[in-house]
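Asks: So here's run27.cif, just mmCIF, N, CA and C atoms and all ligand atoms:
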```cif
data_run
loop_
_atom_site.label_atom_id
_atom_site.label_comp_id
_atom_site.auth_asym_id
_atom_site.auth_seq_id
_atom_site.Cartn_x
_atom_site.Cartn_y
_atom_site.Cartn_z
N MET A 1 59.38 161.09 114.63
CA MET A 1 59.82 159.85 114.02
C MET A 1 58.78 159.29 113.05
N ILE A 2 57.51 159.19 113.48
CA ILE A 2 56.55 158.61 112.55
C ILE A 2 56.22 159.60 111.44
N GLY A 3 55.93 159.03 110.30
CA GLY A 3 55.59 159.84 109.14
C GLY A 3 54.11 159.74 108.82
N ARG A 4 53.80 159.47 107.56
CA ARG A 4 52.41 159.47 107.11
C ARG A 4 51.63 158.29 107.69
N LEU A 5 50.33 158.50 107.76
CA LEU A 5 49.42 157.40 108.06
C LEU A 5 49.35 156.55 106.80
N ASN A 6 49.85 155.31 106.87
CA ASN A 6 49.86 154.47 105.69
C ASN A 6 48.49 153.85 105.45
N HIS A 7 47.90 153.27 106.50
CA HIS A 7 46.54 152.73 106.35
C HIS A 7 45.87 152.55 107.70
N VAL A 8 44.57 152.42 107.63
CA VAL A 8 43.75 152.01 108.76
C VAL A 8 43.18 150.65 108.37
N ALA A 9 43.33 149.66 109.23
CA ALA A 9 42.85 148.31 108.92
C ALA A 9 41.57 148.02 109.71
N ILE A 10 40.57 147.55 109.00
CA ILE A 10 39.27 147.25 109.60
C ILE A 10 38.99 145.76 109.41
N ALA A 11 38.77 145.07 110.53
CA ALA A 11 38.45 143.64 110.47
C ALA A 11 36.96 143.49 110.19
N VAL A 12 36.64 142.57 109.28
CA VAL A 12 35.24 142.34 108.91
C VAL A 12 34.96 140.84 108.81
N ARG A 13 33.71 140.49 108.97
CA ARG A 13 33.33 139.09 108.81
C ARG A 13 33.08 138.74 107.35
N ASP A 14 32.51 139.69 106.62
CA ASP A 14 32.12 139.43 105.23
C ASP A 14 32.79 140.47 104.34
N LEU A 15 33.87 140.04 103.71
CA LEU A 15 34.70 140.97 102.94
C LEU A 15 33.96 141.56 101.74
N SER A 16 33.20 140.72 101.03
CA SER A 16 32.56 141.26 99.82
C SER A 16 31.48 142.26 100.18
N LYS A 17 30.80 142.01 101.30
CA LYS A 17 29.79 142.95 101.77
C LYS A 17 30.43 144.28 102.19
N ALA A 18 31.53 144.17 102.92
CA ALA A 18 32.23 145.37 103.37
C ALA A 18 32.79 146.16 102.19
N ALA A 19 33.35 145.44 101.21
CA ALA A 19 33.91 146.11 100.04
C ALA A 19 32.82 146.84 99.27
N GLU A 20 31.65 146.23 99.24
CA GLU A 20 30.53 146.83 98.51
C GLU A 20 30.06 148.13 99.16
N VAL A 21 30.12 148.18 100.49
CA VAL A 21 29.76 149.42 101.20
C VAL A 21 30.69 150.55 100.76
N TYR A 22 31.98 150.24 100.69
CA TYR A 22 32.94 151.28 100.28
C TYR A 22 32.77 151.64 98.81
N ARG A 23 32.51 150.64 97.97
CA ARG A 23 32.39 150.88 96.53
C ARG A 23 31.12 151.67 96.22
N THR A 24 30.00 151.22 96.78
CA THR A 24 28.71 151.77 96.38
C THR A 24 28.28 152.95 97.24
N MET A 25 28.23 152.75 98.55
CA MET A 25 27.75 153.84 99.41
C MET A 25 28.74 154.98 99.46
N LEU A 26 30.03 154.65 99.56
CA LEU A 26 31.05 155.68 99.77
C LEU A 26 31.76 156.08 98.47
N GLY A 27 31.51 155.34 97.39
CA GLY A 27 32.09 155.71 96.10
C GLY A 27 33.60 155.67 96.06
N ALA A 28 34.19 154.70 96.77
CA ALA A 28 35.66 154.62 96.85
C ALA A 28 36.22 153.69 95.79
N LYS A 29 37.52 153.84 95.54
CA LYS A 29 38.25 152.96 94.64
C LYS A 29 38.66 151.72 95.44
N VAL A 30 38.10 150.56 95.06
CA VAL A 30 38.23 149.34 95.86
C VAL A 30 38.93 148.26 95.04
N SER A 31 39.93 147.62 95.60
CA SER A 31 40.67 146.56 94.88
C SER A 31 39.89 145.25 94.92
N ASP A 32 40.36 144.29 94.14
CA ASP A 32 39.85 142.92 94.29
C ASP A 32 40.37 142.35 95.61
N ALA A 33 39.74 141.28 96.06
CA ALA A 33 40.19 140.60 97.28
C ALA A 33 41.49 139.86 97.00
N VAL A 34 42.44 139.97 97.93
CA VAL A 34 43.74 139.32 97.78
C VAL A 34 43.98 138.40 98.97
N PRO A 35 43.99 137.07 98.76
CA PRO A 35 44.30 136.16 99.88
C PRO A 35 45.77 136.33 100.28
N GLN A 36 46.01 136.43 101.60
CA GLN A 36 47.38 136.57 102.11
C GLN A 36 47.60 135.45 103.12
N PRO A 37 47.80 134.22 102.61
CA PRO A 37 47.89 133.06 103.51
C PRO A 37 48.97 133.22 104.59
N ALA A 38 50.08 133.90 104.25
CA ALA A 38 51.16 134.08 105.23
C ALA A 38 50.70 134.94 106.41
N HIS A 39 49.65 135.74 106.20
CA HIS A 39 49.17 136.63 107.26
C HIS A 39 47.83 136.20 107.84
N GLY A 40 47.25 135.12 107.30
CA GLY A 40 45.98 134.63 107.84
C GLY A 40 44.80 135.54 107.58
N VAL A 41 44.88 136.31 106.52
CA VAL A 41 43.77 137.21 106.18
C VAL A 41 43.61 137.29 104.67
N THR A 42 42.40 137.67 104.25
CA THR A 42 42.18 138.11 102.88
C THR A 42 41.95 139.61 102.96
N THR A 43 42.57 140.34 102.05
CA THR A 43 42.51 141.81 102.14
C THR A 43 41.84 142.42 100.92
N VAL A 44 41.19 143.54 101.16
CA VAL A 44 40.74 144.44 100.10
C VAL A 44 41.35 145.79 100.43
N PHE A 45 41.99 146.42 99.46
CA PHE A 45 42.61 147.72 99.66
C PHE A 45 41.71 148.80 99.07
N ILE A 46 41.50 149.81 99.84
CA ILE A 46 40.71 150.96 99.38
C ILE A 46 41.63 152.16 99.34
N THR A 47 41.75 152.75 98.17
CA THR A 47 42.66 153.87 98.02
C THR A 47 41.90 155.17 98.15
N LEU A 48 42.29 155.97 99.14
CA LEU A 48 41.73 157.30 99.34
C LEU A 48 42.79 158.31 98.89
N PRO A 49 42.40 159.56 98.69
CA PRO A 49 43.39 160.54 98.22
C PRO A 49 44.59 160.67 99.16
N ASN A 50 44.39 160.50 100.47
CA ASN A 50 45.49 160.76 101.40
C ASN A 50 45.95 159.54 102.18
N THR A 51 45.29 158.41 102.05
CA THR A 51 45.73 157.21 102.77
C THR A 51 44.99 156.00 102.20
N LYS A 52 45.09 154.87 102.87
CA LYS A 52 44.40 153.66 102.43
C LYS A 52 43.60 153.09 103.59
N ILE A 53 42.58 152.36 103.24
CA ILE A 53 41.85 151.54 104.19
C ILE A 53 42.08 150.10 103.76
N GLU A 54 42.33 149.23 104.74
CA GLU A 54 42.48 147.81 104.45
C GLU A 54 41.35 147.09 105.13
N LEU A 55 40.57 146.37 104.37
CA LEU A 55 39.55 145.51 104.97
C LEU A 55 40.17 144.13 105.12
N LEU A 56 40.04 143.54 106.30
CA LEU A 56 40.65 142.25 106.60
C LEU A 56 39.58 141.25 106.96
N GLU A 57 39.60 140.10 106.30
CA GLU A 57 38.69 139.00 106.63
C GLU A 57 39.56 137.81 107.04
N PRO A 58 39.16 137.06 108.07
CA PRO A 58 39.98 135.91 108.48
C PRO A 58 40.15 134.90 107.34
N LEU A 59 41.35 134.32 107.26
CA LEU A 59 41.63 133.29 106.27
C LEU A 59 42.29 132.11 106.98
N GLY A 60 41.67 130.96 106.89
CA GLY A 60 42.25 129.75 107.47
C GLY A 60 42.09 129.69 108.98
N ASP A 61 42.68 128.63 109.56
CA ASP A 61 42.60 128.44 111.02
C ASP A 61 43.62 129.34 111.71
N GLY A 62 43.25 129.81 112.88
CA GLY A 62 44.19 130.58 113.68
C GLY A 62 44.52 131.93 113.09
N SER A 63 43.56 132.52 112.37
CA SER A 63 43.79 133.87 111.83
C SER A 63 44.04 134.85 112.97
N PRO A 64 45.00 135.76 112.79
CA PRO A 64 45.29 136.72 113.87
C PRO A 64 44.12 137.67 114.17
N ILE A 65 43.11 137.71 113.30
CA ILE A 65 41.97 138.61 113.58
C ILE A 65 40.74 137.85 114.07
N ALA A 66 40.85 136.52 114.23
CA ALA A 66 39.68 135.73 114.63
C ALA A 66 39.17 136.15 116.01
N LYS A 67 40.08 136.28 116.96
CA LYS A 67 39.68 136.64 118.32
C LYS A 67 39.08 138.05 118.37
N PHE A 68 39.67 138.94 117.61
CA PHE A 68 39.17 140.31 117.54
C PHE A 68 37.71 140.32 117.07
N LEU A 69 37.41 139.48 116.07
CA LEU A 69 36.04 139.44 115.56
C LEU A 69 35.08 138.75 116.52
N GLU A 70 35.63 137.85 117.37
CA GLU A 70 34.77 137.27 118.42
C GLU A 70 34.34 138.36 119.39
N ARG A 71 35.27 139.23 119.73
CA ARG A 71 34.97 140.33 120.66
C ARG A 71 34.19 141.46 120.00
N ASN A 72 34.36 141.59 118.67
CA ASN A 72 33.72 142.68 117.92
C ASN A 72 32.95 142.09 116.74
N PRO A 73 31.81 141.48 117.03
CA PRO A 73 31.12 140.73 115.97
C PRO A 73 30.68 141.58 114.76
N ASP A 74 30.55 142.88 114.96
CA ASP A 74 30.20 143.74 113.82
C ASP A 74 31.42 144.21 113.04
N GLY A 75 32.61 143.74 113.45
CA GLY A 75 33.84 144.25 112.85
C GLY A 75 34.29 145.50 113.59
N GLY A 76 35.41 146.04 113.17
CA GLY A 76 35.90 147.26 113.82
C GLY A 76 37.32 147.56 113.42
N ILE A 77 37.80 148.73 113.85
CA ILE A 77 39.17 149.12 113.53
C ILE A 77 40.13 148.19 114.27
N HIS A 78 40.98 147.52 113.52
CA HIS A 78 41.89 146.53 114.08
C HIS A 78 43.26 147.12 114.39
N HIS A 79 43.81 147.90 113.46
CA HIS A 79 45.08 148.59 113.72
C HIS A 79 45.22 149.78 112.79
N ILE A 80 46.19 150.64 113.17
CA ILE A 80 46.56 151.73 112.27
C ILE A 80 48.04 151.59 111.97
N CYS A 81 48.42 152.02 110.78
CA CYS A 81 49.80 151.83 110.33
C CYS A 81 50.45 153.16 109.99
N TYR A 82 51.56 153.43 110.68
CA TYR A 82 52.34 154.63 110.44
C TYR A 82 53.60 154.26 109.68
N GLU A 83 54.02 155.16 108.80
CA GLU A 83 55.27 154.95 108.08
C GLU A 83 56.45 155.45 108.90
N VAL A 84 57.56 154.70 108.80
CA VAL A 84 58.82 155.16 109.38
C VAL A 84 59.90 155.01 108.30
N GLU A 85 60.94 155.79 108.43
CA GLU A 85 62.00 155.74 107.42
C GLU A 85 62.86 154.49 107.56
N ASP A 86 63.18 154.16 108.82
CA ASP A 86 64.09 153.04 109.08
C ASP A 86 63.47 152.20 110.19
N ILE A 87 62.97 151.03 109.83
CA ILE A 87 62.16 150.26 110.78
C ILE A 87 63.00 149.74 111.96
N ARG A 88 64.24 149.36 111.72
CA ARG A 88 65.06 148.85 112.82
C ARG A 88 65.43 149.98 113.79
N ALA A 89 65.73 151.14 113.25
CA ALA A 89 66.03 152.30 114.10
C ALA A 89 64.79 152.67 114.92
N ALA A 90 63.62 152.62 114.27
CA ALA A 90 62.37 152.95 114.96
C ALA A 90 62.11 151.94 116.09
N ARG A 91 62.31 150.65 115.79
CA ARG A 91 62.12 149.60 116.78
C ARG A 91 63.04 149.81 117.98
N ASP A 92 64.30 150.08 117.71
CA ASP A 92 65.26 150.24 118.81
C ASP A 92 64.90 151.44 119.68
N ARG A 93 64.47 152.51 119.04
CA ARG A 93 64.07 153.70 119.79
C ARG A 93 62.84 153.43 120.65
N LEU A 94 61.87 152.70 120.08
CA LEU A 94 60.65 152.38 120.82
C LEU A 94 60.96 151.45 122.00
N LYS A 95 61.77 150.44 121.75
CA LYS A 95 62.11 149.49 122.82
C LYS A 95 62.88 150.18 123.94
N ALA A 96 63.76 151.08 123.57
CA ALA A 96 64.55 151.81 124.57
C ALA A 96 63.63 152.63 125.49
N GLN A 97 62.45 152.98 124.98
CA GLN A 97 61.52 153.76 125.79
C GLN A 97 60.45 152.89 126.45
N GLY A 98 60.63 151.56 126.34
CA GLY A 98 59.74 150.66 127.06
C GLY A 98 58.56 150.15 126.28
N ALA A 99 58.45 150.49 125.00
CA ALA A 99 57.33 149.99 124.20
C ALA A 99 57.56 148.51 123.89
N ARG A 100 56.48 147.75 123.87
CA ARG A 100 56.59 146.32 123.58
C ARG A 100 56.34 146.07 122.08
N VAL A 101 57.31 145.40 121.48
CA VAL A 101 57.19 145.03 120.07
C VAL A 101 56.69 143.60 120.05
N LEU A 102 55.66 143.32 119.25
CA LEU A 102 55.07 141.98 119.23
C LEU A 102 55.94 141.01 118.42
N GLY A 103 55.72 139.72 118.68
CA GLY A 103 56.46 138.69 117.97
C GLY A 103 57.91 138.65 118.42
N ASP A 104 58.79 138.25 117.50
CA ASP A 104 60.20 138.11 117.89
C ASP A 104 60.98 139.42 117.72
N GLY A 105 60.28 140.48 117.35
CA GLY A 105 60.94 141.78 117.25
C GLY A 105 61.65 142.02 115.93
N GLU A 106 61.64 141.00 115.06
CA GLU A 106 62.27 141.17 113.75
C GLU A 106 61.21 141.58 112.73
N PRO A 107 61.47 142.60 111.91
CA PRO A 107 60.49 143.03 110.91
C PRO A 107 60.11 141.89 109.96
N LYS A 108 58.82 141.83 109.63
CA LYS A 108 58.32 140.83 108.68
C LYS A 108 57.80 141.59 107.45
N ILE A 109 57.76 140.88 106.34
CA ILE A 109 57.22 141.51 105.14
C ILE A 109 55.69 141.52 105.23
N GLY A 110 55.12 142.72 105.20
CA GLY A 110 53.68 142.88 105.38
C GLY A 110 52.90 142.74 104.08
N ALA A 111 51.63 143.07 104.16
CA ALA A 111 50.71 142.90 103.04
C ALA A 111 51.08 143.77 101.84
N HIS A 112 51.92 144.78 102.05
CA HIS A 112 52.31 145.65 100.95
C HIS A 112 53.71 145.37 100.44
N GLY A 113 54.29 144.24 100.93
CA GLY A 113 55.62 143.87 100.48
C GLY A 113 56.73 144.67 101.13
N LYS A 114 56.42 145.34 102.23
CA LYS A 114 57.45 146.13 102.92
C LYS A 114 57.58 145.65 104.36
N PRO A 115 58.74 145.89 104.99
CA PRO A 115 58.95 145.41 106.36
C PRO A 115 58.04 146.11 107.36
N VAL A 116 57.42 145.31 108.23
CA VAL A 116 56.50 145.87 109.23
C VAL A 116 56.78 145.24 110.60
N LEU A 117 56.34 145.95 111.63
CA LEU A 117 56.32 145.45 113.00
C LEU A 117 55.04 145.92 113.65
N PHE A 118 54.59 145.15 114.66
CA PHE A 118 53.40 145.55 115.41
C PHE A 118 53.79 145.88 116.84
N LEU A 119 53.13 146.88 117.41
CA LEU A 119 53.43 147.37 118.76
C LEU A 119 52.23 147.13 119.65
N HIS A 120 52.53 146.79 120.91
CA HIS A 120 51.47 146.39 121.84
C HIS A 120 50.45 147.51 122.08
N PRO A 121 49.15 147.18 121.94
CA PRO A 121 48.12 148.23 122.13
C PRO A 121 48.16 148.88 123.52
N LYS A 122 48.61 148.13 124.53
CA LYS A 122 48.62 148.71 125.89
C LYS A 122 49.58 149.88 125.99
N ASP A 123 50.55 149.92 125.10
CA ASP A 123 51.51 151.03 125.13
C ASP A 123 51.08 152.21 124.26
N PHE A 124 49.97 152.04 123.52
CA PHE A 124 49.55 153.07 122.57
C PHE A 124 48.05 153.34 122.67
N ASN A 125 47.63 153.59 123.91
CA ASN A 125 46.25 154.05 124.14
C ASN A 125 45.20 153.06 123.65
N GLY A 126 45.52 151.78 123.76
CA GLY A 126 44.53 150.78 123.39
C GLY A 126 44.42 150.55 121.89
N THR A 127 45.40 151.02 121.14
CA THR A 127 45.36 150.84 119.69
C THR A 127 46.54 150.01 119.23
N LEU A 128 46.26 148.94 118.51
CA LEU A 128 47.33 148.15 117.90
C LEU A 128 47.96 149.01 116.80
N VAL A 129 49.27 149.21 116.89
CA VAL A 129 49.97 150.06 115.94
C VAL A 129 50.94 149.21 115.11
N GLU A 130 50.87 149.40 113.80
CA GLU A 130 51.81 148.78 112.88
C GLU A 130 52.74 149.89 112.40
N ILE A 131 54.02 149.60 112.34
CA ILE A 131 54.92 150.54 111.66
C ILE A 131 55.45 149.86 110.40
N GLU A 132 55.55 150.64 109.35
CA GLU A 132 55.99 150.10 108.06
C GLU A 132 57.11 150.98 107.51
N GLN A 133 58.15 150.33 107.05
CA GLN A 133 59.22 151.11 106.44
C GLN A 133 58.74 151.62 105.09
N ALA A 134 58.71 152.93 104.93
CA ALA A 134 58.12 153.52 103.72
C ALA A 134 59.04 153.34 102.52
CO CO B 201 48.26 146.73 108.29
#
```
Take the structure in the file and give it back as structure tokens.

Replies:
Amino acid sequence: MIGRLNHVAIAVRDLSKAAEVYRTMLGAKVSDAVPQPAHGVTTVFITLPNTKIELLEPLGDGSPIAKFLERNPDGGIHHICYEVEDIRAARDRLKAQGARVLGDGEPKIGAHGKPVLFLHPKDFNGTLVEIEQA
């Protein structure tokens, strides 16, 4: 069912510092910072030949990554995102097998302008999983 790895998201405290590591040390193609108020984060997208890395910095009060950064003060991998062809079909299949879909279970438009859902880390080996309709 799952297709390509769309991105790996890394939560960071200092976005410009993190972006600079990718730009300078790793020689990657790094976007400008994009505030995403609807998602409570500011993002930097790093384009690799086979996937993307998303750097996430908290934006505003109650950012969904604030608690994660309290537990992981140096930052860390926050979630991974797999592509699916049909997000509602994927959701129904996952739920039928007992996987927990976060929120109200309805796909939301994610940082890339496509419908996404998040799946409970306890059902996926301790990893928060995002699925995105490709
Ligand atoms: Co994501």

Asks: Can you pull out the residues contacting region 53-57 of chain A? Cut-off 6 Å, using only C-alpha atoms, and skip same-chain residues under 5 positions away; I want them as a list in words.

Replies: His7, Val8, Ala9, Ile10, Ala11, Val12, Arg13, Leu15, Val41, Thr42, Thr43, Val44, Phe45 and Ile46 of chain A

Asks: Please compute the atom N of Gly126 (chain A)-atom N of Tyr82 (chain A) distance, one decimal, in Å.

Replies: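 Rounded to one decimal, the two atoms are 14.5 Å apart.
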
Asks: I need the residue nearest ligand CO 201 (chain B) from this list: A:Glu83, A:Asp92, A:Asp104, A:Asp74. Use only C-alpha atoms and all ligand atoms for the distance.

Replies: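 Under the stated criterion, the closest residue is A:Glu83.
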
Asks: In terms of the shortest atom-to-atom distance over only N, CA and C atoms, which of A:Leu69, A:Glu132, A:His120, A:Gln36 is closest to Asp86 (chain A)?

Replies: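 Among the listed residues, A:Glu132 lies closest to Asp86 (chain A).
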
Asks: Find the residue from A:Pro115, A:Phe68, A:Glu85, A:Asn50 that sits nearest to Gly3 (chain A); use only N, CA and C atoms when measuring.

Replies: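 Closest residue, counting only N, CA and C atoms: A:Glu85.
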
Asks: Take every atom of region 61-78 of chain A listed in the file, pad by 5 Å on each side, and give me the axis-aligned box centre and edge lengths in Å, one decimal, as JSON.

Replies:
```
{"center_x": 37.7, "center_y": 138.8, "center_z": 115.1, "size_x": 25.1, "size_y": 30.7, "size_z": 21.1}
```

Asks: Determine, counting all atoms listed in the file, which protein, DNA and RNA residues have an atom within 6.5 Å of an atom of Thr47 (chain A); residues of the same chain fewer than 3 positions away are not included. Present the result as an mmCIF file with N, CA and C atoms, keeping the file's coordinate frame.

Replies:
```cif
data_model
loop_
_atom_site.group_PDB
_atom_site.id
_atom_site.type_symbol
_atom_site.label_atom_id
_atom_site.label_comp_id
_atom_site.auth_asym_id
_atom_site.auth_seq_id
_atom_site.Cartn_x
_atom_site.Cartn_y
_atom_site.Cartn_z
ATOM 1 N N ALA A 28 34.190 154.700 96.770
ATOM 2 C CA ALA A 28 35.660 154.620 96.850
ATOM 3 C C ALA A 28 36.220 153.690 95.790
ATOM 4 N N LYS A 29 37.520 153.840 95.540
ATOM 5 C CA LYS A 29 38.250 152.960 94.640
ATOM 6 C C LYS A 29 38.660 151.720 95.440
ATOM 7 N N VAL A 30 38.100 150.560 95.060
ATOM 8 C CA VAL A 30 38.230 149.340 95.860
ATOM 9 C C VAL A 30 38.930 148.260 95.040
ATOM 10 N N SER A 31 39.930 147.620 95.600
ATOM 11 C CA SER A 31 40.670 146.560 94.880
ATOM 12 C C SER A 31 39.890 145.250 94.920
ATOM 13 N N ASN A 50 44.390 160.500 100.470
ATOM 14 C CA ASN A 50 45.490 160.760 101.400
ATOM 15 C C ASN A 50 45.950 159.540 102.180
ATOM 16 N N THR A 51 45.290 158.410 102.050
ATOM 17 C CA THR A 51 45.730 157.210 102.770
ATOM 18 C C THR A 51 44.990 156.000 102.200
ATOM 19 N N LYS A 52 45.090 154.870 102.870
ATOM 20 C CA LYS A 52 44.400 153.660 102.430
ATOM 21 C C LYS A 52 43.600 153.090 103.590
ATOM 22 N N ILE A 53 42.580 152.360 103.240
ATOM 23 C CA ILE A 53 41.850 151.540 104.190
ATOM 24 C C ILE A 53 42.080 150.100 103.760
#
```

Asks: Could you check the closest approach to ligand CO 201 (chain B) for each of A:Ala90, A:Ala111, A:Ala99, A:Met1 and tell me which residue wins, using only N, CA and C atoms and all ligand atoms?

Replies: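 Among the listed residues, A:Ala111 lies closest to ligand CO 201 (chain B).
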
Asks: Write down as an MDAnalysis selection string the residues of chain A whose backbone DSSP state falls under strand (DSSP E or B).

Replies: chainID A and resid 5:11 29:30 34:36 41:47 52:58 76:84 101 108:109 115:119 129:133

Asks: Expressed in Å to a single decimal, how great is the separation between CA of Lys17 (chain A) and CA of Glu130 (chain A)?

Replies: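 Atom-to-atom, CA of Lys17 (chain A) and CA of Glu130 (chain A) are spaced 25.3 Å apart.
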
Asks: I need the residue nearest ligand CO 201 (chain B) from this list: A:Cys81, A:Met25, A:Leu119, A:Leu102. Use all atoms listed in the file for the distance.

Replies: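 Under the stated criterion, the closest residue is A:Cys81.
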
Asks: Can I get region 126-134 of chain A with all heavy atoms filled in, as a compact mmCIF listing (two decimals), in the coordinates of the input?

Replies:
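Saved the output as result19.txt:
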```
# COMPACT_ATOMS: atom_id res chain seq x y z
N GLY A 126 45.52 151.78 123.76
CA GLY A 126 44.53 150.78 123.39
C GLY A 126 44.42 150.55 121.89
O GLY A 126 43.46 149.92 121.43
N THR A 127 45.40 151.02 121.14
CA THR A 127 45.36 150.84 119.69
C THR A 127 46.54 150.01 119.23
O THR A 127 47.70 150.34 119.53
CB THR A 127 45.42 152.22 118.98
OG1 THR A 127 44.35 153.03 119.48
CG2 THR A 127 45.31 152.08 117.48
N LEU A 128 46.26 148.94 118.51
CA LEU A 128 47.33 148.15 117.90
C LEU A 128 47.96 149.01 116.80
O LEU A 128 47.26 149.49 115.90
CB LEU A 128 46.77 146.85 117.34
CG LEU A 128 47.73 145.92 116.60
CD1 LEU A 128 48.86 145.44 117.50
CD2 LEU A 128 46.96 144.71 116.03
N VAL A 129 49.27 149.21 116.89
CA VAL A 129 49.97 150.06 115.94
C VAL A 129 50.94 149.21 115.11
O VAL A 129 51.68 148.40 115.65
CB VAL A 129 50.76 151.18 116.68
CG1 VAL A 129 51.67 151.94 115.71
CG2 VAL A 129 49.79 152.15 117.37
N GLU A 130 50.87 149.40 113.80
CA GLU A 130 51.81 148.78 112.88
C GLU A 130 52.74 149.89 112.40
O GLU A 130 52.28 151.00 112.13
CB GLU A 130 51.02 148.18 111.70
CG GLU A 130 51.89 147.52 110.63
CD GLU A 130 51.05 146.95 109.48
OE1 GLU A 130 49.89 147.39 109.28
OE2 GLU A 130 51.56 146.07 108.76
N ILE A 131 54.02 149.60 112.34
CA ILE A 131 54.92 150.54 111.66
C ILE A 131 55.45 149.86 110.40
O ILE A 131 55.70 148.65 110.39
CB ILE A 131 56.06 151.04 112.57
CG1 ILE A 131 56.84 149.89 113.21
CG2 ILE A 131 55.52 152.00 113.64
CD1 ILE A 131 58.07 150.37 114.00
N GLU A 132 55.55 150.64 109.35
CA GLU A 132 55.99 150.10 108.06
C GLU A 132 57.11 150.98 107.51
O GLU A 132 56.99 152.21 107.55
CB GLU A 132 54.81 150.09 107.08
CG GLU A 132 55.18 149.61 105.69
CD GLU A 132 53.98 149.52 104.74
OE1 GLU A 132 53.04 148.76 105.05
OE2 GLU A 132 53.98 150.24 103.74
N GLN A 133 58.15 150.33 107.05
CA GLN A 133 59.22 151.11 106.44
C GLN A 133 58.74 151.62 105.09
O GLN A 133 58.37 150.84 104.22
CB GLN A 133 60.47 150.24 106.28
CG GLN A 133 61.67 151.01 105.82
CD GLN A 133 62.94 150.25 106.11
OE1 GLN A 133 63.32 150.02 107.25
NE2 GLN A 133 63.62 149.85 105.06
N ALA A 134 58.71 152.93 104.93
CA ALA A 134 58.12 153.52 103.72
C ALA A 134 59.04 153.34 102.52
O ALA A 134 60.24 153.19 102.68
CB ALA A 134 57.85 154.99 103.94
```
